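Structure file upload_37.pdb with PDB, C-alpha atoms, pLDDT in the B column:
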ATOM      1  CA  MET J   1      79.828  61.388  53.863  1.00 35.00           C
ATOM      2  CA  VAL J   2      83.500  61.409  52.918  1.00 37.00           C
ATOM      3  CA  LEU J   3      83.134  64.849  51.358  1.00 33.00           C
ATOM      4  CA  THR J   4      81.444  66.232  54.497  1.00 32.00           C
ATOM      5  CA  SER J   5      84.210  64.911  56.712  1.00 31.00           C
ATOM      6  CA  PHE J   6      86.812  66.394  54.400  1.00 30.00           C
ATOM      7  CA  LEU J   7      85.152  69.835  54.515  1.00 29.00           C
ATOM      8  CA  LEU J   8      84.876  69.728  58.286  1.00 28.00           C
ATOM      9  CA  ALA J   9      88.543  68.830  58.576  1.00 28.00           C
ATOM     10  CA  ILE J  10      89.491  71.837  56.468  1.00 28.00           C
ATOM     11  CA  ALA J  11      87.138  74.226  58.252  1.00 32.00           C
ATOM     12  CA  TYR J  12      88.132  73.167  61.754  1.00 34.00           C
ATOM     13  CA  SER J  13      91.688  71.998  61.348  1.00 33.00           C
ATOM     14  CA  PRO J  14      93.712  72.905  64.480  1.00 39.00           C
ATOM     15  CA  ALA J  15      96.539  74.141  62.256  1.00 40.00           C
ATOM     16  CA  MET J  16      94.180  76.791  60.866  1.00 40.00           C
ATOM     17  CA  ALA J  17      92.739  77.901  64.199  1.00 50.00           C
ATOM     18  CA  GLU J  18      93.957  81.363  65.143  1.00 53.00           C
ATOM     19  CA  THR J  19      95.280  81.128  68.663  1.00 84.00           C
ATOM     20  CA  GLU J  20      96.515  84.727  68.864  1.00 92.00           C
ATOM     21  CA  VAL J  21      95.231  88.061  67.631  1.00 93.00           C
ATOM     22  CA  ASN J  22      97.335  91.235  67.825  1.00 96.00           C
ATOM     23  CA  VAL J  23      96.019  94.555  66.561  1.00 97.00           C
ATOM     24  CA  ASP J  24      97.744  97.947  66.674  1.00 97.00           C
ATOM     25  CA  ALA J  25      95.746 100.646  64.923  1.00 97.00           C
ATOM     26  CA  GLU J  26      95.911 104.392  64.586  1.00 97.00           C
ATOM     27  CA  LEU J  27      92.460 105.982  64.788  1.00 97.00           C
ATOM     28  CA  LYS J  28      92.314 108.614  62.033  1.00 95.00           C
ATOM     29  CA  PRO J  29      89.761 111.078  60.718  1.00 93.00           C
ATOM     30  CA  CYS J  30      87.405 109.211  58.435  1.00 86.00           C
ATOM     31  CA  ALA J  31      85.071 109.935  55.547  1.00 76.00           C
ATOM     32  CA  SER J  32      81.298 109.871  55.800  1.00 74.00           C
ATOM     33  CA  PRO J  33      79.625 109.303  58.249  1.00 73.00           C
ATOM     34  CA  CYS J  34      82.442 110.967  60.200  1.00 84.00           C
ATOM     35  CA  VAL J  35      82.738 114.598  61.171  1.00 90.00           C
ATOM     36  CA  THR J  36      86.292 115.900  60.988  1.00 88.00           C
ATOM     37  CA  GLU J  37      87.560 117.348  64.260  1.00 92.00           C
ATOM     38  CA  PRO J  38      90.958 118.936  63.548  1.00 93.00           C
ATOM     39  CA  GLY J  39      93.555 117.743  66.039  1.00 95.00           C
ATOM     40  CA  ALA J  40      91.605 114.686  67.237  1.00 96.00           C
ATOM     41  CA  THR J  41      93.814 111.577  67.396  1.00 97.00           C
ATOM     42  CA  GLY J  42      93.650 108.070  68.771  1.00 98.00           C
ATOM     43  CA  GLU J  43      95.094 104.594  68.892  1.00 98.00           C
ATOM     44  CA  LEU J  44      93.839 101.127  69.703  1.00 98.00           C
ATOM     45  CA  GLU J  45      95.718  98.029  70.858  1.00 98.00           C
ATOM     46  CA  TYR J  46      94.216  94.571  71.216  1.00 97.00           C
ATOM     47  CA  GLU J  47      95.848  91.306  72.164  1.00 97.00           C
ATOM     48  CA  ALA J  48      94.034  88.041  72.664  1.00 95.00           C
ATOM     49  CA  GLU J  49      95.160  84.480  73.099  1.00 95.00           C
ATOM     50  CA  PHE J  50      92.670  81.679  72.550  1.00 91.00           C
ATOM     51  CA  LEU J  51      92.522  78.061  73.638  1.00 90.00           C
ATOM     52  CA  SER J  52      93.212  75.517  70.908  1.00 87.00           C
ATOM     53  CA  ASN J  53      89.497  75.484  69.987  1.00 85.00           C
ATOM     54  CA  GLY J  54      90.026  78.992  68.543  1.00 78.00           C
ATOM     55  CA  VAL J  55      86.878  80.302  70.269  1.00 82.00           C
ATOM     56  CA  THR J  56      87.493  80.499  74.022  1.00 86.00           C
ATOM     57  CA  ILE J  57      89.597  83.444  75.169  1.00 88.00           C
ATOM     58  CA  LYS J  58      92.499  82.413  77.376  1.00 92.00           C
ATOM     59  CA  GLU J  59      93.746  85.962  77.918  1.00 95.00           C
ATOM     60  CA  ALA J  60      92.827  89.348  76.410  1.00 95.00           C
ATOM     61  CA  GLU J  61      93.652  93.033  76.665  1.00 97.00           C
ATOM     62  CA  LEU J  62      92.011  95.988  74.926  1.00 97.00           C
ATOM     63  CA  LYS J  63      93.395  99.514  75.183  1.00 98.00           C
ATOM     64  CA  ALA J  64      92.366 102.690  73.417  1.00 98.00           C
ATOM     65  CA  VAL J  65      93.377 106.331  73.839  1.00 98.00           C
ATOM     66  CA  VAL J  66      91.634 109.273  72.195  1.00 98.00           C
ATOM     67  CA  LYS J  67      92.668 112.932  72.416  1.00 97.00           C
ATOM     68  CA  ILE J  68      90.180 115.663  71.565  1.00 97.00           C
ATOM     69  CA  PRO J  69      91.380 119.268  71.295  1.00 96.00           C
ATOM     70  CA  VAL J  70      89.888 122.113  73.314  1.00 95.00           C
ATOM     71  CA  PRO J  71      88.113 124.093  71.989  1.00 95.00           C
ATOM     72  CA  ASN J  72      86.236 121.689  69.700  1.00 94.00           C
ATOM     73  CA  SER J  73      83.083 121.651  67.592  1.00 92.00           C
ATOM     74  CA  PHE J  74      81.263 119.526  70.204  1.00 92.00           C
ATOM     75  CA  ASN J  75      81.557 122.161  72.965  1.00 92.00           C
ATOM     76  CA  ILE J  76      83.264 119.628  75.218  1.00 93.00           C
ATOM     77  CA  SER J  77      85.348 121.303  77.889  1.00 91.00           C
ATOM     78  CA  ALA J  78      86.812 120.361  81.262  1.00 88.00           C
ATOM     79  CA  ILE J  79      83.401 121.216  82.792  1.00 91.00           C
ATOM     80  CA  ASN J  80      81.357 118.566  80.932  1.00 93.00           C
ATOM     81  CA  ALA J  81      84.133 116.237  79.698  1.00 94.00           C
ATOM     82  CA  GLY J  82      83.516 113.664  82.441  1.00 93.00           C
ATOM     83  CA  ASN J  83      79.881 112.977  81.525  1.00 92.00           C
ATOM     84  CA  PRO J  84      79.396 109.180  81.257  1.00 89.00           C
ATOM     85  CA  GLY J  85      79.145 107.859  77.719  1.00 91.00           C
ATOM     86  CA  LEU J  86      80.347 111.068  76.089  1.00 95.00           C
ATOM     87  CA  VAL J  87      83.060 109.265  74.076  1.00 97.00           C
ATOM     88  CA  THR J  88      82.599 105.662  72.939  1.00 97.00           C
ATOM     89  CA  LEU J  89      84.382 103.169  70.722  1.00 97.00           C
ATOM     90  CA  ASP J  90      82.039 101.284  68.390  1.00 96.00           C
ATOM     91  CA  LEU J  91      83.295  98.039  66.865  1.00 97.00           C
ATOM     92  CA  THR J  92      81.728  96.866  63.615  1.00 96.00           C
ATOM     93  CA  ARG J  93      81.955  93.762  61.465  1.00 95.00           C
ATOM     94  CA  LEU J  94      80.420  93.647  57.988  1.00 94.00           C
ATOM     95  CA  ASN J  95      78.741  97.048  58.619  1.00 91.00           C
ATOM     96  CA  GLN J  96      77.039  95.818  61.813  1.00 94.00           C
ATOM     97  CA  SER J  97      77.975  97.099  65.276  1.00 94.00           C
ATOM     98  CA  TYR J  98      78.773  94.205  67.598  1.00 95.00           C
ATOM     99  CA  ALA J  99      80.236  96.018  70.628  1.00 95.00           C
ATOM    100  CA  THR J 100      80.175  99.501  72.133  1.00 96.00           C
ATOM    101  CA  CYS J 101      82.863 100.496  74.619  1.00 97.00           C
ATOM    102  CA  THR J 102      82.478 103.478  76.915  1.00 96.00           C
ATOM    103  CA  MET J 103      85.695 105.421  77.373  1.00 97.00           C
ATOM    104  CA  VAL J 104      86.487 107.461  80.490  1.00 97.00           C
ATOM    105  CA  LEU J 105      88.117 110.849  80.876  1.00 97.00           C
ATOM    106  CA  LYS J 106      91.690 110.304  82.011  1.00 96.00           C
ATOM    107  CA  LYS J 107      93.124 113.798  81.693  1.00 96.00           C
ATOM    108  CA  ALA J 108      91.616 117.253  81.148  1.00 95.00           C
ATOM    109  CA  ARG J 109      94.038 119.962  80.096  1.00 94.00           C
ATOM    110  CA  PRO J 110      93.278 123.477  78.897  1.00 93.00           C
ATOM    111  CA  THR J 111      94.172 122.447  75.321  1.00 95.00           C
ATOM    112  CA  SER J 112      93.074 118.782  75.168  1.00 96.00           C
ATOM    113  CA  LEU J 113      90.980 116.024  76.712  1.00 97.00           C
ATOM    114  CA  THR J 114      92.286 112.455  76.895  1.00 97.00           C
ATOM    115  CA  TYR J 115      89.842 109.535  77.030  1.00 98.00           C
ATOM    116  CA  VAL J 116      90.940 105.959  77.672  1.00 98.00           C
ATOM    117  CA  LEU J 117      89.647 102.421  77.623  1.00 97.00           C
ATOM    118  CA  LYS J 118      91.669  99.724  79.348  1.00 97.00           C
ATOM    119  CA  LEU J 119      90.269  96.231  79.798  1.00 96.00           C
ATOM    120  CA  SER J 120      92.036  92.980  80.540  1.00 96.00           C
ATOM    121  CA  GLY J 121      91.159  89.522  81.728  1.00 94.00           C
ATOM    122  CA  GLN J 122      92.071  85.875  81.655  1.00 94.00           C
ATOM    123  CA  LEU J 123      90.599  82.425  82.012  1.00 90.00           C
ATOM    124  CA  LYS J 124      90.968  81.096  85.566  1.00 91.00           C
ATOM    125  CA  ASN J 125      89.518  77.755  86.624  1.00 90.00           C
ATOM    126  CA  GLY J 126      87.144  77.742  83.664  1.00 87.00           C
ATOM    127  CA  GLN J 127      85.829  81.294  84.197  1.00 87.00           C
ATOM    128  CA  PHE J 128      86.873  84.532  82.527  1.00 88.00           C
ATOM    129  CA  VAL J 129      88.019  86.971  85.221  1.00 91.00           C
ATOM    130  CA  PHE J 130      88.566  90.681  84.584  1.00 92.00           C
ATOM    131  CA  GLY J 131      91.906  92.187  85.541  1.00 92.00           C
ATOM    132  CA  LYS J 132      92.469  95.037  87.952  1.00 89.00           C
ATOM    133  CA  LYS J 133      92.690  98.758  87.220  1.00 90.00           C
ATOM    134  CA  LEU J 134      90.084  98.678  84.463  1.00 95.00           C
ATOM    135  CA  LEU J 135      89.051 101.933  82.823  1.00 96.00           C
ATOM    136  CA  GLY J 136      85.725 101.980  80.973  1.00 96.00           C
ATOM    137  CA  PHE J 137      83.637  98.998  79.873  1.00 95.00           C
ATOM    138  CA  CYS J 138      82.302  97.285  76.749  1.00 96.00           C
ATOM    139  CA  ASP J 139      78.832  95.989  75.962  1.00 94.00           C
ATOM    140  CA  VAL J 140      79.612  92.909  73.872  1.00 92.00           C
ATOM    141  CA  ASP J 141      76.016  91.911  73.065  1.00 90.00           C
ATOM    142  CA  LEU J 142      74.116  94.827  71.583  1.00 90.00           C
ATOM    143  CA  LEU J 143      71.043  92.674  70.904  1.00 86.00           C
ATOM    144  CA  THR J 144      70.412  92.167  74.628  1.00 87.00           C
ATOM    145  CA  LEU J 145      68.754  95.041  76.503  1.00 85.00           C
ATOM    146  CA  ASP J 146      71.032  95.007  79.547  1.00 84.00           C
ATOM    147  CA  ILE J 147      74.747  95.691  79.290  1.00 86.00           C
ATOM    148  CA  GLN J 148      76.681  92.482  78.724  1.00 89.00           C
ATOM    149  CA  SER J 149      80.135  93.484  79.977  1.00 90.00           C
ATOM    150  CA  GLY J 150      83.125  91.808  78.424  1.00 91.00           C
ATOM    151  CA  ILE J 151      86.098  92.161  76.143  1.00 94.00           C
ATOM    152  CA  PRO J 152      85.060  92.001  72.487  1.00 95.00           C
ATOM    153  CA  ILE J 153      86.569  89.397  70.189  1.00 93.00           C
ATOM    154  CA  ILE J 154      88.117  91.536  67.462  1.00 94.00           C
ATOM    155  CA  GLN J 155      88.665  89.894  64.084  1.00 93.00           C
ATOM    156  CA  ASP J 156      90.748  90.852  61.096  1.00 93.00           C
ATOM    157  CA  GLY J 157      88.799  93.352  58.976  1.00 95.00           C
ATOM    158  CA  ASP J 158      86.668  94.808  61.767  1.00 97.00           C
ATOM    159  CA  ILE J 159      86.343  98.604  61.876  1.00 96.00           C
ATOM    160  CA  ALA J 160      86.541 100.769  64.989  1.00 97.00           C
ATOM    161  CA  PHE J 161      84.784 104.150  65.185  1.00 96.00           C
ATOM    162  CA  VAL J 162      85.220 106.796  67.886  1.00 96.00           C
ATOM    163  CA  VAL J 163      81.818 108.344  68.572  1.00 95.00           C
ATOM    164  CA  VAL J 164      81.084 111.578  70.461  1.00 95.00           C
ATOM    165  CA  ASN J 165      77.687 112.348  72.028  1.00 92.00           C
ATOM    166  CA  GLY J 166      76.335 108.974  70.891  1.00 90.00           C
ATOM    167  CA  THR J 167      75.882 110.033  67.274  1.00 89.00           C
ATOM    168  CA  THR J 168      78.934 111.734  65.776  1.00 92.00           C
ATOM    169  CA  HIS J 169      81.766 109.595  64.383  1.00 94.00           C
ATOM    170  CA  ILE J 170      85.107 111.446  64.446  1.00 95.00           C
ATOM    171  CA  LEU J 171      87.827 108.781  64.000  1.00 96.00           C
ATOM    172  CA  SER J 172      88.072 105.265  62.589  1.00 96.00           C
ATOM    173  CA  ALA J 173      90.502 102.443  61.875  1.00 96.00           C
ATOM    174  CA  LEU J 174      90.500  99.215  59.928  1.00 96.00           C
ATOM    175  CA  LEU J 175      91.599  96.565  62.424  1.00 97.00           C
ATOM    176  CA  GLU J 176      94.096  94.094  61.016  1.00 96.00           C
ATOM    177  CA  ASN J 177      95.578  91.113  62.803  1.00 93.00           C
ATOM    178  CA  GLU J 178      99.338  91.521  62.754  1.00 91.00           C
ATOM    179  CA  ASN J 179      99.732  87.738  63.200  1.00 82.00           C
ATOM    180  CA  ASP J 180      98.213  87.059  59.757  1.00 66.00           C
ATOM    181  CA  ASP J 181     101.610  87.744  58.179  1.00 52.00           C
ATOM    182  CA  ASP J 182     103.053  84.653  59.893  1.00 47.00           C
ATOM    183  CA  GLN J 183     100.320  82.154  59.109  1.00 43.00           C
ATOM    184  CA  GLY J 184     101.282  79.348  56.826  1.00 41.00           C
ATOM    185  CA  GLU J 185     104.999  80.020  56.969  1.00 43.00           C
ATOM    186  CA  ASN J 186     107.429  77.419  58.188  1.00 40.00           C
ATOM    187  CA  GLU J 187     110.223  78.381  60.530  1.00 41.00           C
ATOM    188  CA  ASN J 188     113.414  76.512  59.692  1.00 42.00           C
TER     189      ASN J 188
END
Rewrite the structure from the file as structure tokens, please.
Amino acid sequence: MVLTSFLLAIAYSPAMAETEVNVDAELKPCASPCVTEPGATGELEYEAEFLSNGVTIKEAELKAVVKIPVPNSFNISAINAGNPGLVTLDLTRLNQSYATCTMVLKKARPTSLTYVLKLSGQLKNGQFVFGKKLLGFCDVDLLTLDIQSGIPIIQDGDIAFVVVNGTTHILSALLENENDDDQGENEN
């Protein structure tokens, strides 16, 4: 029994609980299964603050921007660029997708298309409330048939893929928590 208590104390010690996650990632062309689209670029930003239990989100924001050149190998132009679900952001952990976010067309220019995802929310009176001026949405439970809207909980080591037409991966990024550098250090 003493050993069990000791292990639980290590596993759930409040000092080890991550209370903040900050990710800034550049979405770059990736190897297989990706298809290279010259000129396609993107970036992802994620910030989340958790309650002391390390599980409940107190406040979170997820932003992503993807630019696709025109012309492109997908035949996406200003005419069909606004079709729902055309560009998505798939989040994976240990090679398993855990969230799919639908991006929306923000700007269509003759030479490029800009897609964005902007989600925010915070805990108010015990309930998570989405912010205003949201762009796009995320399904955070892919095992459930209906869309379970929310802001995904991104962890260090997750991988983000930008997907076009539901099947073609064009960009990716390894998501790393920038706060990991500070953990375990004492400030004197």
(request) Quote the spacing between atom CA of J:Pro152 and atom CA of J:Leu51 in Å to one decimal place. (result)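 Rounded to one decimal, the two atoms are 15.9 Å apart.
Remark: for J:Ala25, the closest of the candidate residues J:Gly121, J:Gly82, J:Gly42, J:Pro71 is J:Gly42 (distances computed over all atoms listed in the file).
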(message) Can you tell me which residues surround stretch 166-170 of chain J at a distance of at most 12 Å, considering only C-alpha atoms, apart from same-chain residues fewer than 2 positions away, and format the answer as number ranges by chain?
(response) J: 27-42, 66-68, 72-74, 83-91, 100-103, 160-164, 172-173
(request) For atom CA of J:Ser97 and atom CA of J:Ile153, quote the distance in Å rounded to one decimal. (result)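 Between these atoms lies a distance of 12.5 Å.
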(message) Need the shell around J:Val140: protein/DNA/RNA residues with any atom at most 7 Å away, counting all atoms listed in the file. Skip same-chain ones fewer than 2 positions apart. Format as a list in words?
(response) Tyr98, Ala99, Thr100, Cys138, Leu142, Gln148, Ser149, Gly150, Ile151 and Pro152 of chain J
(request) Name every residue that the PyMOL selection byres ((chain J and resi 154) around 10) selects in this structure, writing the answer as a PyMOL selection string with chains first and numbers rising. (result) chain J and resi 21-23+46-48+62+91-93+98-99+151-153+155-160+175-177
(message) Applying the PyMOL selection byres ((chain J and resi 118) around 9) to the file I just gave you, which residues come out? Please list them as a PyMOL selection string.
(response) chain J and resi 61-65+103+116-117+119-120+133-137
(message) For a test of reading the model, state the distance in Å between atom CA of J:Ala78 and atom CA of J:Arg109, rounded to one decimal.
(response) 7.3 Å
(message) When the PyMOL selection byres ((chain J and resi 113) around 9) is applied to the structure above, which residues does it catch, written out as a list of chain:residue names?
(response)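 Output of the PyMOL selection byres ((chain J and resi 113) around 9): J:Val66, J:Lys67, J:Ile68, J:Pro69, J:Val70, J:Ile76, J:Ser77, J:Ala78, J:Ala81, J:Leu105, J:Lys106, J:Lys107, J:Ala108, J:Arg109, J:Pro110, J:Thr111, J:Ser112, J:Thr114, J:Tyr115.
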Let me see the file: selected residues, C-alpha atoms, as a CSV table (one decimal), in the frame of the given file.
chain,number,residue,atom,x,y,z
J,66,VAL,CA,91.6,109.3,72.2
J,67,LYS,CA,92.7,112.9,72.4
J,68,ILE,CA,90.2,115.7,71.6
J,69,PRO,CA,91.4,119.3,71.3
J,70,VAL,CA,89.9,122.1,73.3
J,76,ILE,CA,83.3,119.6,75.2
J,77,SER,CA,85.3,121.3,77.9
J,78,ALA,CA,86.8,120.4,81.3
J,81,ALA,CA,84.1,116.2,79.7
J,105,LEU,CA,88.1,110.8,80.9
J,106,LYS,CA,91.7,110.3,82.0
J,107,LYS,CA,93.1,113.8,81.7
J,108,ALA,CA,91.6,117.3,81.1
J,109,ARG,CA,94.0,120.0,80.1
J,110,PRO,CA,93.3,123.5,78.9
J,111,THR,CA,94.2,122.4,75.3
J,112,SER,CA,93.1,118.8,75.2
J,114,THR,CA,92.3,112.5,76.9
J,115,TYR,CA,89.8,109.5,77.0
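Between J:Leu174 and the candidates J:Glu43, J:Asp141, J:Glu20, J:Glu59, the tightest atom-to-atom separation, counting all atoms listed in the file, involves J:Glu43.
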(request) Tell me which of J:Phe128, J:Glu178, J:Ile147, J:Leu171 sits closest to J:Glu26, counting only C-alpha atoms. (result) J:Leu171
Give the centre and edge lengths of an axis-aligned box, in Å to one decimal, that holds all listed atoms of stretch 122-138 of chain J with 4 Å on each side, as JSON.
{"center_x": 87.5, "center_y": 89.9, "center_z": 82.4, "size_x": 18.4, "size_y": 32.2, "size_z": 19.2}
